[in-house]
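Text of input.cif (mmCIF, N, CA, C and O atoms) as supplied:
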```
data_coords
loop_
_atom_site.label_atom_id
_atom_site.label_comp_id
_atom_site.auth_asym_id
_atom_site.auth_seq_id
_atom_site.Cartn_x
_atom_site.Cartn_y
_atom_site.Cartn_z
N MET A 1412 44.75 1.36 75.71
CA MET A 1412 43.77 1.72 74.69
C MET A 1412 43.24 0.47 74.02
O MET A 1412 43.96 -0.48 73.80
N ARG A 1413 41.99 0.55 73.65
CA ARG A 1413 41.38 -0.57 72.94
C ARG A 1413 41.71 -0.47 71.45
O ARG A 1413 42.03 0.59 70.93
N LEU A 1414 41.59 -1.60 70.77
CA LEU A 1414 41.86 -1.62 69.33
C LEU A 1414 40.87 -0.75 68.56
O LEU A 1414 41.23 -0.12 67.57
N SER A 1415 39.64 -0.70 69.02
CA SER A 1415 38.64 0.12 68.34
C SER A 1415 38.98 1.61 68.45
O SER A 1415 38.73 2.38 67.52
N GLU A 1416 39.55 2.03 69.56
CA GLU A 1416 39.94 3.43 69.72
C GLU A 1416 41.11 3.78 68.80
O GLU A 1416 41.13 4.85 68.18
N ILE A 1417 42.06 2.87 68.68
CA ILE A 1417 43.20 3.11 67.79
C ILE A 1417 42.73 3.16 66.33
O ILE A 1417 43.17 4.00 65.55
N THR A 1418 41.81 2.27 65.98
CA THR A 1418 41.27 2.26 64.63
C THR A 1418 40.51 3.55 64.34
O THR A 1418 40.61 4.11 63.24
N THR A 1419 39.77 4.05 65.31
CA THR A 1419 39.06 5.31 65.14
C THR A 1419 40.02 6.46 64.88
O THR A 1419 39.78 7.32 64.01
N ILE A 1420 41.12 6.50 65.60
CA ILE A 1420 42.12 7.55 65.40
C ILE A 1420 42.73 7.44 64.00
O ILE A 1420 42.92 8.44 63.31
N LEU A 1421 43.02 6.21 63.56
CA LEU A 1421 43.60 6.03 62.22
C LEU A 1421 42.63 6.43 61.11
O LEU A 1421 43.02 7.07 60.13
N VAL A 1422 41.38 6.06 61.25
CA VAL A 1422 40.38 6.42 60.24
C VAL A 1422 40.19 7.94 60.21
O VAL A 1422 40.11 8.54 59.12
N ALA A 1423 40.15 8.56 61.37
CA ALA A 1423 40.03 10.02 61.41
C ALA A 1423 41.24 10.70 60.77
O ALA A 1423 41.10 11.72 60.09
N PHE A 1424 42.42 10.14 60.97
CA PHE A 1424 43.62 10.69 60.34
C PHE A 1424 43.51 10.65 58.83
O PHE A 1424 43.80 11.62 58.13
N HIS A 1425 43.04 9.55 58.27
CA HIS A 1425 42.91 9.43 56.82
C HIS A 1425 41.81 10.32 56.27
O HIS A 1425 41.90 10.81 55.15
N GLN A 1426 40.75 10.55 57.04
CA GLN A 1426 39.67 11.40 56.57
C GLN A 1426 40.03 12.88 56.66
O GLN A 1426 39.50 13.69 55.91
N GLN A 1427 40.92 13.26 57.57
CA GLN A 1427 41.31 14.66 57.69
C GLN A 1427 42.23 15.09 56.57
O GLN A 1427 42.28 16.26 56.23
N GLY A 1428 42.99 14.19 56.01
CA GLY A 1428 43.87 14.53 54.91
C GLY A 1428 45.22 15.06 55.35
O GLY A 1428 45.93 15.67 54.56
N ASP A 1429 45.58 14.87 56.61
CA ASP A 1429 46.92 15.29 57.05
C ASP A 1429 47.97 14.39 56.42
O ASP A 1429 47.72 13.23 56.10
N ARG A 1430 49.15 14.93 56.26
CA ARG A 1430 50.23 14.17 55.64
C ARG A 1430 51.03 13.35 56.64
O ARG A 1430 51.58 12.32 56.30
N ASN A 1431 51.13 13.83 57.85
CA ASN A 1431 52.00 13.21 58.83
C ASN A 1431 51.16 12.76 60.02
O ASN A 1431 50.50 13.58 60.67
N PHE A 1432 51.19 11.47 60.33
CA PHE A 1432 50.38 10.94 61.42
C PHE A 1432 50.87 11.44 62.78
O PHE A 1432 50.07 11.72 63.66
N LYS A 1433 52.16 11.59 62.93
CA LYS A 1433 52.69 12.04 64.21
C LYS A 1433 52.23 13.47 64.52
O LYS A 1433 51.81 13.77 65.64
N THR A 1434 52.28 14.34 63.54
CA THR A 1434 51.82 15.70 63.73
C THR A 1434 50.33 15.75 64.01
O THR A 1434 49.87 16.50 64.86
N CYS A 1435 49.58 14.96 63.27
CA CYS A 1435 48.14 14.88 63.49
C CYS A 1435 47.83 14.39 64.90
O CYS A 1435 46.95 14.93 65.58
N TYR A 1436 48.57 13.41 65.37
CA TYR A 1436 48.34 12.86 66.70
C TYR A 1436 48.64 13.91 67.77
O TYR A 1436 47.86 14.10 68.70
N HIS A 1437 49.76 14.60 67.63
CA HIS A 1437 50.14 15.58 68.64
C HIS A 1437 49.25 16.83 68.59
O HIS A 1437 48.94 17.41 69.65
N ASN A 1438 48.86 17.27 67.41
CA ASN A 1438 48.10 18.52 67.28
C ASN A 1438 46.60 18.35 67.46
O ASN A 1438 45.94 19.29 67.92
N HIS A 1439 46.04 17.23 67.06
CA HIS A 1439 44.59 17.05 67.12
C HIS A 1439 44.17 16.09 68.23
O HIS A 1439 43.36 16.45 69.08
N VAL A 1440 44.69 14.89 68.18
CA VAL A 1440 44.22 13.86 69.11
C VAL A 1440 44.61 14.19 70.55
O VAL A 1440 43.76 14.16 71.45
N ALA A 1441 45.87 14.50 70.78
CA ALA A 1441 46.33 14.73 72.14
C ALA A 1441 45.76 16.02 72.74
O ALA A 1441 45.63 16.12 73.96
N VAL A 1442 45.40 16.98 71.90
CA VAL A 1442 44.89 18.26 72.41
C VAL A 1442 43.37 18.26 72.52
O VAL A 1442 42.81 18.55 73.58
N TYR A 1443 42.68 17.94 71.42
CA TYR A 1443 41.24 18.11 71.37
C TYR A 1443 40.45 16.86 71.72
O TYR A 1443 39.28 16.96 72.10
N TRP A 1444 41.00 15.70 71.55
CA TRP A 1444 40.25 14.46 71.74
C TRP A 1444 40.60 13.72 73.02
O TRP A 1444 40.25 12.56 73.19
N ARG A 1445 41.29 14.35 73.93
CA ARG A 1445 41.69 13.67 75.16
C ARG A 1445 40.47 13.25 75.99
O ARG A 1445 40.47 12.22 76.64
N ALA A 1446 39.40 14.03 75.95
CA ALA A 1446 38.19 13.67 76.71
C ALA A 1446 37.50 12.44 76.12
O ALA A 1446 36.91 11.64 76.86
N GLU A 1447 37.58 12.28 74.80
CA GLU A 1447 36.94 11.13 74.16
C GLU A 1447 37.74 9.85 74.36
O GLU A 1447 37.20 8.75 74.29
N PHE A 1448 39.04 9.98 74.55
CA PHE A 1448 39.92 8.82 74.76
C PHE A 1448 40.60 8.96 76.12
O PHE A 1448 41.71 9.47 76.22
N PRO A 1449 39.95 8.51 77.20
CA PRO A 1449 40.53 8.72 78.54
C PRO A 1449 41.81 7.93 78.78
O PRO A 1449 42.62 8.32 79.62
N THR A 1450 42.01 6.85 78.07
CA THR A 1450 43.22 6.05 78.26
C THR A 1450 44.21 6.30 77.15
O THR A 1450 44.91 5.38 76.70
N LEU A 1451 44.29 7.54 76.70
CA LEU A 1451 45.18 7.91 75.59
C LEU A 1451 46.64 7.69 75.98
O LEU A 1451 47.07 8.06 77.06
N VAL A 1452 47.37 7.06 75.08
CA VAL A 1452 48.77 6.76 75.33
C VAL A 1452 49.64 7.71 74.52
O VAL A 1452 49.15 8.45 73.68
N SER A 1453 50.93 7.67 74.76
CA SER A 1453 51.85 8.52 74.01
C SER A 1453 51.97 8.02 72.57
O SER A 1453 51.57 6.90 72.24
N TYR A 1454 52.54 8.86 71.72
CA TYR A 1454 52.68 8.50 70.31
C TYR A 1454 53.58 7.28 70.14
O TYR A 1454 53.30 6.41 69.32
N SER A 1455 54.66 7.22 70.89
CA SER A 1455 55.58 6.08 70.74
C SER A 1455 54.91 4.77 71.14
O SER A 1455 55.12 3.74 70.50
N ARG A 1456 54.07 4.79 72.17
CA ARG A 1456 53.34 3.58 72.55
C ARG A 1456 52.28 3.24 71.51
O ARG A 1456 52.07 2.08 71.17
N LEU A 1457 51.64 4.26 70.96
CA LEU A 1457 50.63 4.02 69.93
C LEU A 1457 51.25 3.41 68.69
O LEU A 1457 50.67 2.53 68.06
N SER A 1458 52.44 3.86 68.33
CA SER A 1458 53.10 3.30 67.15
C SER A 1458 53.46 1.83 67.34
O SER A 1458 53.58 1.09 66.37
N GLU A 1459 53.61 1.38 68.58
CA GLU A 1459 53.83 -0.04 68.84
C GLU A 1459 52.55 -0.85 68.63
O GLU A 1459 52.60 -2.03 68.29
N TYR A 1460 51.40 -0.22 68.84
CA TYR A 1460 50.11 -0.91 68.68
C TYR A 1460 49.62 -0.95 67.24
O TYR A 1460 48.70 -1.71 66.92
N LEU A 1461 50.18 -0.14 66.35
CA LEU A 1461 49.67 -0.04 64.98
C LEU A 1461 49.68 -1.36 64.22
O LEU A 1461 48.72 -1.63 63.49
N PRO A 1462 50.72 -2.21 64.32
CA PRO A 1462 50.65 -3.49 63.61
C PRO A 1462 49.50 -4.38 64.06
O PRO A 1462 48.98 -5.18 63.28
N LEU A 1463 49.04 -4.23 65.30
CA LEU A 1463 47.92 -5.04 65.78
C LEU A 1463 46.60 -4.62 65.15
O LEU A 1463 45.68 -5.42 65.02
N VAL A 1464 46.52 -3.39 64.72
CA VAL A 1464 45.28 -2.84 64.18
C VAL A 1464 45.20 -2.98 62.67
O VAL A 1464 44.16 -2.77 62.07
N LEU A 1465 46.28 -3.38 62.05
CA LEU A 1465 46.35 -3.42 60.59
C LEU A 1465 45.26 -4.30 59.97
O LEU A 1465 44.58 -3.88 59.03
N LEU A 1466 45.05 -5.47 60.50
CA LEU A 1466 44.04 -6.37 59.95
C LEU A 1466 42.63 -5.80 60.12
O LEU A 1466 41.81 -5.85 59.20
N LEU A 1467 42.38 -5.22 61.27
CA LEU A 1467 41.08 -4.60 61.52
C LEU A 1467 40.84 -3.42 60.58
O LEU A 1467 39.75 -3.26 60.03
N LEU A 1468 41.86 -2.61 60.36
CA LEU A 1468 41.74 -1.47 59.47
C LEU A 1468 41.53 -1.91 58.02
O LEU A 1468 40.73 -1.33 57.29
N CYS A 1469 42.23 -2.96 57.60
CA CYS A 1469 42.05 -3.48 56.24
C CYS A 1469 40.64 -4.02 56.03
O CYS A 1469 40.04 -3.81 54.97
N ALA A 1470 40.09 -4.68 57.04
CA ALA A 1470 38.72 -5.19 56.93
C ALA A 1470 37.73 -4.03 56.84
O ALA A 1470 36.77 -4.09 56.06
N TYR A 1471 37.95 -2.98 57.60
CA TYR A 1471 37.07 -1.81 57.54
C TYR A 1471 37.14 -1.14 56.17
O TYR A 1471 36.11 -0.79 55.58
N LEU A 1472 38.34 -0.96 55.65
CA LEU A 1472 38.49 -0.31 54.35
C LEU A 1472 37.90 -1.18 53.24
O LEU A 1472 37.31 -0.66 52.28
N ARG A 1473 38.03 -2.47 53.34
CA ARG A 1473 37.43 -3.38 52.35
C ARG A 1473 35.91 -3.25 52.38
O ARG A 1473 35.25 -3.25 51.34
N HIS A 1474 35.35 -3.09 53.57
CA HIS A 1474 33.91 -2.91 53.71
C HIS A 1474 33.47 -1.58 53.09
O HIS A 1474 32.42 -1.49 52.47
N CYS A 1475 34.29 -0.54 53.25
CA CYS A 1475 33.94 0.78 52.72
C CYS A 1475 33.98 0.83 51.20
O CYS A 1475 33.20 1.54 50.58
N PHE A 1476 34.90 0.09 50.59
CA PHE A 1476 35.03 0.13 49.14
C PHE A 1476 33.83 -0.50 48.44
O PHE A 1476 33.39 -0.01 47.43
N GLY A 1477 33.32 -1.58 48.95
CA GLY A 1477 32.20 -2.23 48.32
C GLY A 1477 32.62 -2.96 47.06
O GLY A 1477 33.79 -3.22 46.82
N SER A 1478 31.64 -3.25 46.21
CA SER A 1478 31.94 -3.97 44.98
C SER A 1478 32.24 -2.98 43.86
O SER A 1478 31.79 -1.84 43.86
N CYS A 1479 32.96 -3.45 42.87
CA CYS A 1479 33.34 -2.61 41.74
C CYS A 1479 32.15 -2.49 40.79
O CYS A 1479 31.50 -3.46 40.46
N ARG A 1480 31.89 -1.26 40.36
CA ARG A 1480 30.77 -1.01 39.45
C ARG A 1480 31.22 -0.76 38.02
O ARG A 1480 30.43 -0.38 37.18
N GLY A 1481 32.49 -0.95 37.74
CA GLY A 1481 32.97 -0.82 36.38
C GLY A 1481 33.71 0.47 36.10
O GLY A 1481 34.62 0.50 35.30
N ILE A 1482 33.33 1.56 36.75
CA ILE A 1482 33.99 2.83 36.46
C ILE A 1482 35.39 2.86 37.05
O ILE A 1482 36.26 3.54 36.55
N SER A 1483 35.65 2.12 38.10
CA SER A 1483 36.97 2.13 38.73
C SER A 1483 37.98 1.28 37.96
O SER A 1483 39.14 1.24 38.31
N ARG A 1484 37.54 0.64 36.93
CA ARG A 1484 38.46 -0.19 36.15
C ARG A 1484 39.25 0.61 35.13
O ARG A 1484 40.07 0.08 34.42
N LEU A 1485 39.00 1.91 35.03
CA LEU A 1485 39.73 2.77 34.12
C LEU A 1485 41.17 2.89 34.59
O LEU A 1485 41.45 3.39 35.66
N ALA A 1486 42.08 2.40 33.79
CA ALA A 1486 43.48 2.35 34.19
C ALA A 1486 44.20 3.65 33.90
O ALA A 1486 45.15 3.99 34.59
N HIS A 1487 43.79 4.38 32.90
CA HIS A 1487 44.47 5.61 32.50
C HIS A 1487 43.78 6.82 33.14
O HIS A 1487 42.58 6.81 33.33
N PRO A 1488 44.52 7.86 33.41
CA PRO A 1488 43.86 9.11 33.80
C PRO A 1488 42.99 9.62 32.67
O PRO A 1488 43.12 9.21 31.52
N ILE A 1489 42.10 10.53 32.98
CA ILE A 1489 41.14 11.02 31.99
C ILE A 1489 41.85 11.66 30.79
O ILE A 1489 41.45 11.46 29.65
N ALA A 1490 42.91 12.41 31.03
CA ALA A 1490 43.61 13.05 29.91
C ALA A 1490 44.20 12.01 28.96
O ALA A 1490 44.11 12.17 27.73
N ASP A 1491 44.78 10.97 29.50
CA ASP A 1491 45.32 9.92 28.64
C ASP A 1491 44.22 9.19 27.89
O ASP A 1491 44.38 8.82 26.73
N ALA A 1492 43.09 8.99 28.56
CA ALA A 1492 41.97 8.32 27.90
C ALA A 1492 41.42 9.17 26.76
O ALA A 1492 41.07 8.66 25.70
N MET A 1493 41.37 10.48 26.98
CA MET A 1493 40.90 11.36 25.91
C MET A 1493 41.85 11.35 24.72
O MET A 1493 41.42 11.37 23.57
N LYS A 1494 43.15 11.32 24.98
CA LYS A 1494 44.10 11.26 23.89
C LYS A 1494 43.94 9.97 23.10
O LYS A 1494 44.05 9.97 21.86
N LEU A 1495 43.66 8.87 23.80
CA LEU A 1495 43.44 7.61 23.11
C LEU A 1495 42.19 7.67 22.25
O LEU A 1495 42.18 7.22 21.10
N LEU A 1496 41.10 8.23 22.80
CA LEU A 1496 39.85 8.30 22.06
C LEU A 1496 39.96 9.25 20.88
O LEU A 1496 39.51 8.95 19.78
N VAL A 1497 40.55 10.41 21.09
CA VAL A 1497 40.67 11.39 20.01
C VAL A 1497 41.61 10.88 18.94
O VAL A 1497 41.37 11.05 17.75
N GLY A 1498 42.67 10.21 19.33
CA GLY A 1498 43.61 9.68 18.36
C GLY A 1498 42.99 8.62 17.46
O GLY A 1498 43.40 8.44 16.32
N ARG A 1499 41.99 7.92 17.94
CA ARG A 1499 41.35 6.88 17.14
C ARG A 1499 40.32 7.45 16.18
O ARG A 1499 40.11 6.91 15.11
N HIS A 1500 39.62 8.52 16.60
CA HIS A 1500 38.48 8.98 15.83
C HIS A 1500 38.72 10.30 15.10
O HIS A 1500 37.92 10.66 14.24
N CYS A 1501 39.73 11.03 15.42
CA CYS A 1501 39.96 12.34 14.82
C CYS A 1501 41.42 12.45 14.38
O CYS A 1501 42.29 11.76 14.91
N PRO A 1502 41.69 13.35 13.49
CA PRO A 1502 43.10 13.61 13.16
C PRO A 1502 43.83 14.14 14.39
O PRO A 1502 43.22 14.75 15.27
N PRO A 1503 45.13 13.94 14.49
CA PRO A 1503 45.85 14.28 15.72
C PRO A 1503 45.88 15.76 16.05
O PRO A 1503 46.06 16.12 17.17
N TYR A 1504 45.67 16.64 15.09
CA TYR A 1504 45.75 18.07 15.37
C TYR A 1504 44.43 18.60 15.97
O TYR A 1504 44.37 19.74 16.38
N TRP A 1505 43.37 17.85 16.03
CA TRP A 1505 42.08 18.35 16.49
C TRP A 1505 42.02 18.50 18.00
O TRP A 1505 41.23 19.27 18.51
N TYR A 1506 42.77 17.78 18.75
CA TYR A 1506 42.61 17.85 20.21
C TYR A 1506 43.59 18.79 20.86
O TYR A 1506 43.68 18.86 22.06
N TYR A 1507 44.33 19.56 20.12
CA TYR A 1507 45.25 20.53 20.72
C TYR A 1507 44.50 21.73 21.05
O TYR A 1507 44.06 22.55 21.24
#
```
Go through the file and emit its structure as structure tokens.
Amino acid sequence: MRLSEITTILVAFHQQGDRNFKTCYHNHVAVYWRAEFPTLVSYSRLSEYLPLVLLLLCAYLRHCFGSCRGISRLAHPIADAMKLLVGRHCPPYWYY
């Protein structure tokens, strides 16, 4: 398998939202995507190739994130941020 094919499988796994890569590989890739990947290898062989793809995958994800626009700098979840804002401007019993 080529590195681009392995990267495609990894990106598809993250976009599908499955929790377990092995289950995703056996249930989706090996069953439905065999025609798209003619040189598909077994899961154990693929897991040996994963460290080789790590740098390529990191570069792709870095490209997808883009530059920070300021909204992602919020460190607290929204509920914690609201408690901070309400605590500064209102009496503490108002936000219950």
Any chance you could work out the axis-aligned box around stretch 1440-1457 of chain A, listed atoms only, 5 Å on each side, giving centre and edge lengths in Å to one decimal, as AutoDock Vina command-line options?
```
--center_x 46.2 --center_y 10.3 --center_z 73.8 --size_x 28.7 --size_y 26.5 --size_z 21.6
```
How would you write, as a JSON list (two decimals) with N, CA, C and O atoms, in the frame of the given file, the residues chosen by the PyMOL selection byres (((chain A and resi 1465-1473 and name CA) around 12) and name CA) on this structure?
```json
[["chain", "number", "residue", "atom", "x", "y", "z"],
["A", 1414, "LEU", "N", 41.59, -1.60, 70.77],
["A", 1414, "LEU", "CA", 41.86, -1.62, 69.33],
["A", 1414, "LEU", "C", 40.87, -0.75, 68.56],
["A", 1414, "LEU", "O", 41.23, -0.12, 67.57],
["A", 1415, "SER", "N", 39.64, -0.70, 69.02],
["A", 1415, "SER", "CA", 38.64, 0.12, 68.34],
["A", 1415, "SER", "C", 38.98, 1.61, 68.45],
["A", 1415, "SER", "O", 38.73, 2.38, 67.52],
["A", 1416, "GLU", "N", 39.55, 2.03, 69.56],
["A", 1416, "GLU", "CA", 39.94, 3.43, 69.72],
["A", 1416, "GLU", "C", 41.11, 3.78, 68.80],
["A", 1416, "GLU", "O", 41.13, 4.85, 68.18],
["A", 1417, "ILE", "N", 42.06, 2.87, 68.68],
["A", 1417, "ILE", "CA", 43.20, 3.11, 67.79],
["A", 1417, "ILE", "C", 42.73, 3.16, 66.33],
["A", 1417, "ILE", "O", 43.17, 4.00, 65.55],
["A", 1418, "THR", "N", 41.81, 2.27, 65.98],
["A", 1418, "THR", "CA", 41.27, 2.26, 64.63],
["A", 1418, "THR", "C", 40.51, 3.55, 64.34],
["A", 1418, "THR", "O", 40.61, 4.11, 63.24],
["A", 1419, "THR", "N", 39.77, 4.05, 65.31],
["A", 1419, "THR", "CA", 39.06, 5.31, 65.14],
["A", 1419, "THR", "C", 40.02, 6.46, 64.88],
["A", 1419, "THR", "O", 39.78, 7.32, 64.01],
["A", 1420, "ILE", "N", 41.12, 6.50, 65.60],
["A", 1420, "ILE", "CA", 42.12, 7.55, 65.40],
["A", 1420, "ILE", "C", 42.73, 7.44, 64.00],
["A", 1420, "ILE", "O", 42.92, 8.44, 63.31],
["A", 1421, "LEU", "N", 43.02, 6.21, 63.56],
["A", 1421, "LEU", "CA", 43.60, 6.03, 62.22],
["A", 1421, "LEU", "C", 42.63, 6.43, 61.11],
["A", 1421, "LEU", "O", 43.02, 7.07, 60.13],
["A", 1422, "VAL", "N", 41.38, 6.06, 61.25],
["A", 1422, "VAL", "CA", 40.38, 6.42, 60.24],
["A", 1422, "VAL", "C", 40.19, 7.94, 60.21],
["A", 1422, "VAL", "O", 40.11, 8.54, 59.12],
["A", 1423, "ALA", "N", 40.15, 8.56, 61.37],
["A", 1423, "ALA", "CA", 40.03, 10.02, 61.41],
["A", 1423, "ALA", "C", 41.24, 10.70, 60.77],
["A", 1423, "ALA", "O", 41.10, 11.72, 60.09],
["A", 1425, "HIS", "N", 43.04, 9.55, 58.27],
["A", 1425, "HIS", "CA", 42.91, 9.43, 56.82],
["A", 1425, "HIS", "C", 41.81, 10.32, 56.27],
["A", 1425, "HIS", "O", 41.90, 10.81, 55.15],
["A", 1426, "GLN", "N", 40.75, 10.55, 57.04],
["A", 1426, "GLN", "CA", 39.67, 11.40, 56.57],
["A", 1426, "GLN", "C", 40.03, 12.88, 56.66],
["A", 1426, "GLN", "O", 39.50, 13.69, 55.91],
["A", 1458, "SER", "N", 52.44, 3.86, 68.33],
["A", 1458, "SER", "CA", 53.10, 3.30, 67.15],
["A", 1458, "SER", "C", 53.46, 1.83, 67.34],
["A", 1458, "SER", "O", 53.58, 1.09, 66.37],
["A", 1459, "GLU", "N", 53.61, 1.38, 68.58],
["A", 1459, "GLU", "CA", 53.83, -0.04, 68.84],
["A", 1459, "GLU", "C", 52.55, -0.85, 68.63],
["A", 1459, "GLU", "O", 52.60, -2.03, 68.29],
["A", 1460, "TYR", "N", 51.40, -0.22, 68.84],
["A", 1460, "TYR", "CA", 50.11, -0.91, 68.68],
["A", 1460, "TYR", "C", 49.62, -0.95, 67.24],
["A", 1460, "TYR", "O", 48.70, -1.71, 66.92],
["A", 1461, "LEU", "N", 50.18, -0.14, 66.35],
["A", 1461, "LEU", "CA", 49.67, -0.04, 64.98],
["A", 1461, "LEU", "C", 49.68, -1.36, 64.22],
["A", 1461, "LEU", "O", 48.72, -1.63, 63.49],
["A", 1462, "PRO", "N", 50.72, -2.21, 64.32],
["A", 1462, "PRO", "CA", 50.65, -3.49, 63.61],
["A", 1462, "PRO", "C", 49.50, -4.38, 64.06],
["A", 1462, "PRO", "O", 48.98, -5.18, 63.28],
["A", 1463, "LEU", "N", 49.04, -4.23, 65.30],
["A", 1463, "LEU", "CA", 47.92, -5.04, 65.78],
["A", 1463, "LEU", "C", 46.60, -4.62, 65.15],
["A", 1463, "LEU", "O", 45.68, -5.42, 65.02],
["A", 1464, "VAL", "N", 46.52, -3.39, 64.72],
["A", 1464, "VAL", "CA", 45.28, -2.84, 64.18],
["A", 1464, "VAL", "C", 45.20, -2.98, 62.67],
["A", 1464, "VAL", "O", 44.16, -2.77, 62.07],
["A", 1474, "HIS", "N", 35.35, -3.09, 53.57],
["A", 1474, "HIS", "CA", 33.91, -2.91, 53.71],
["A", 1474, "HIS", "C", 33.47, -1.58, 53.09],
["A", 1474, "HIS", "O", 32.42, -1.49, 52.47],
["A", 1475, "CYS", "N", 34.29, -0.54, 53.25],
["A", 1475, "CYS", "CA", 33.94, 0.78, 52.72],
["A", 1475, "CYS", "C", 33.98, 0.83, 51.20],
["A", 1475, "CYS", "O", 33.20, 1.54, 50.58],
["A", 1476, "PHE", "N", 34.90, 0.09, 50.59],
["A", 1476, "PHE", "CA", 35.03, 0.13, 49.14],
["A", 1476, "PHE", "C", 33.83, -0.50, 48.44],
["A", 1476, "PHE", "O", 33.39, -0.01, 47.43],
["A", 1477, "GLY", "N", 33.32, -1.58, 48.95],
["A", 1477, "GLY", "CA", 32.20, -2.23, 48.32],
["A", 1477, "GLY", "C", 32.62, -2.96, 47.06],
["A", 1477, "GLY", "O", 33.79, -3.22, 46.82],
["A", 1478, "SER", "N", 31.64, -3.25, 46.21],
["A", 1478, "SER", "CA", 31.94, -3.97, 44.98],
["A", 1478, "SER", "C", 32.24, -2.98, 43.86],
["A", 1478, "SER", "O", 31.79, -1.84, 43.86],
["A", 1479, "CYS", "N", 32.96, -3.45, 42.87],
["A", 1479, "CYS", "CA", 33.34, -2.61, 41.74],
["A", 1479, "CYS", "C", 32.15, -2.49, 40.79],
["A", 1479, "CYS", "O", 31.50, -3.46, 40.46]]
```
> For the atom pair atom CA of A:Val1452 and atom CA of A:Gly1428, what is the interatomic distance in Å to one decimal place?
Replying inline: 22.4 Å
>> For a test of reading the model, state the distance in Å between atom CA of A:Thr1434 and atom CA of A:Leu1451, rounded to one decimal.
In response: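 Value for the atom CA of A:Thr1434-atom CA of A:Leu1451 distance: 15.7 Å.
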> Which distance in Å separates atom CA of A:Phe1448 and atom C of A:Gln1427, to one decimal?
Replying inline: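 That distance, rounded to one decimal, is 19.4 Å.
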